[in-house]
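Undergrad: Quick one: the structure is below, questions incoming.
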Amino acid sequence: GLARVARWNGQTLGSQAFSVAQHVLVVEEIAADRNSDWSPAWRLAALLHDAPEYVVGDLISPFKTAIGIDYKAFENRLLEAVHRRFALPPQLPADVTEEIKTADRIAAYYEATVLAGFAVDEALLYFGSPDGISEQLGNRLTRLEPVPAAAAQVAFLERFSALA
């Protein structure tokens with residue numbers, strides 16, 4: 001399902017949307033690049049960090065706040081259920097959670113500047129500087145392109161199988 005959920009509410013360049021499945025693959029790659037000593041379990045946690053979006057979709061943060069319920073708590077309960085299902089701890093260690101959030105922000109910076117029409121200074125304001133990744137990965141991320149849902153699904157499932 002994550003391959004059929006559009007990031008950025010579908011407001012990206014390309015003939016198809018950039019999917020949450022593509023996004024989580026990028027986040028896992030960034031997290032692994034920054035943490036070469038991570039176990040497959042932590043890399044799987046990075047891959048699954050947006051898994052609740054298979055239920056609720058990808059809502060932008062300001063909208064989550066405007067909904068009027070504790071949306072983050074709801075998402076966290078869903079994520080805990082996903083973690084239990086795939087033998088991850090319901091609550092990740094704080095340092096792992098922080099690294100996944102950092103990888104998520106770095107991914108958002110590149111997605112914003114390459115796909116969503118943000119100027120660099122605007123992306124820096126919202127997501128911070130994409131520091132701490134290898135030059136090779138940074139260069140690849142400047143060439144992000146949405147892929148069809150079927151291709152994103154295959155790539156996600158292959159990576160999931162390798163880590164699970």
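Each chain of the structure tokens is named A, B, ... in the order shown, its residues numbered from 1; ligands are numbered from 1 in display order.
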If we count only C-alpha atoms and set the cut-off at 7 Å, which residues sit around Ala6 (chain A), ignoring sequence neighbours fewer than 2 positions away in its own chain? Please answer as a list in words.
TA: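 With the cut-off at 7 Å, the set is Arg4, Trp8, Asn9, Gly10, Ala17, Phe18, Ser19, Val20 and Asp58 of chain A.
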Undergrad: So what do you get for CA of Glu145 (chain A) versus CA of Leu44 (chain A), distance-wise?
TA: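 CA of Leu44 (chain A) lies 22.9 Å from CA of Glu145 (chain A).
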Undergrad: Which residue out of A:Thr113, A:Gln22, A:Gln91, A:Asn139 has the minimum interatomic distance to Leu47 (chain A) when only C-alpha atoms are used?
TA: A:Gln22
Undergrad: Between CA of Leu141 (chain A) and CA of Leu25 (chain A), what is the distance in Å, rounded to a tenth?
TA: 11.7 Å
Undergrad: I'd like the neighbourhood of Pro89 (chain A) as an MDAnalysis selection string, where a residue qualifies if any of its atoms comes within 10 Å (using only C-alpha atoms), though same-chain residues fewer than 6 positions away should be ignored.
TA: chainID A and resid 41:42 45 80:83
Undergrad: What lies within 12 Å of Ala3 (chain A) using only C-alpha atoms, ignoring chain neighbours under 4 positions off, as a VMD selection string?
TA: chain A and resid 7 16 to 25 50 to 51 53 to 54 57 to 58 146 to 157
Undergrad: Next, the residues of the selection above should be written as a tab-separated table (two decimals), in the first residue's frame with C-alpha atoms.
TA:
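Listed below is the output, selection33.tsv:
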```tsv
chain	number	residue	atom	x	y	z
A	7	ARG	CA	4.28	11.96	-0.67
A	16	GLN	CA	3.70	9.77	-11.34
A	17	ALA	CA	3.73	10.61	-7.66
A	18	PHE	CA	6.74	10.06	-5.44
A	19	SER	CA	5.45	7.36	-3.12
A	20	VAL	CA	5.88	6.74	0.57
A	21	ALA	CA	7.50	3.42	-0.41
A	22	GLN	CA	10.19	5.31	-2.32
A	23	HIS	CA	10.57	7.73	0.57
A	24	VAL	CA	11.12	5.02	3.19
A	25	LEU	CA	13.68	3.34	0.95
A	50	ASP	CA	6.13	5.60	7.99
A	51	ALA	CA	4.29	2.28	7.96
A	53	GLU	CA	0.63	5.72	6.44
A	54	TYR	CA	-0.69	2.54	4.83
A	57	GLY	CA	-2.14	8.24	4.27
A	58	ASP	CA	0.60	10.86	4.23
A	146	PRO	CA	9.36	9.08	-8.98
A	147	VAL	CA	8.89	5.54	-10.22
A	148	PRO	CA	5.64	3.72	-11.02
A	149	ALA	CA	3.82	2.22	-8.03
A	150	ALA	CA	4.58	-1.34	-9.17
A	151	ALA	CA	8.33	-0.63	-9.28
A	152	ALA	CA	8.24	1.07	-5.87
A	153	GLN	CA	6.34	-1.90	-4.44
A	154	VAL	CA	8.88	-4.42	-5.76
A	155	ALA	CA	11.83	-2.37	-4.48
A	156	PHE	CA	10.21	-1.96	-1.05
A	157	LEU	CA	9.34	-5.65	-0.72
```
Undergrad: Which value, in Å to one decimal, gives the distance between CA of Glu99 (chain A) and CA of Tyr126 (chain A)?
TA: 17.6 Å
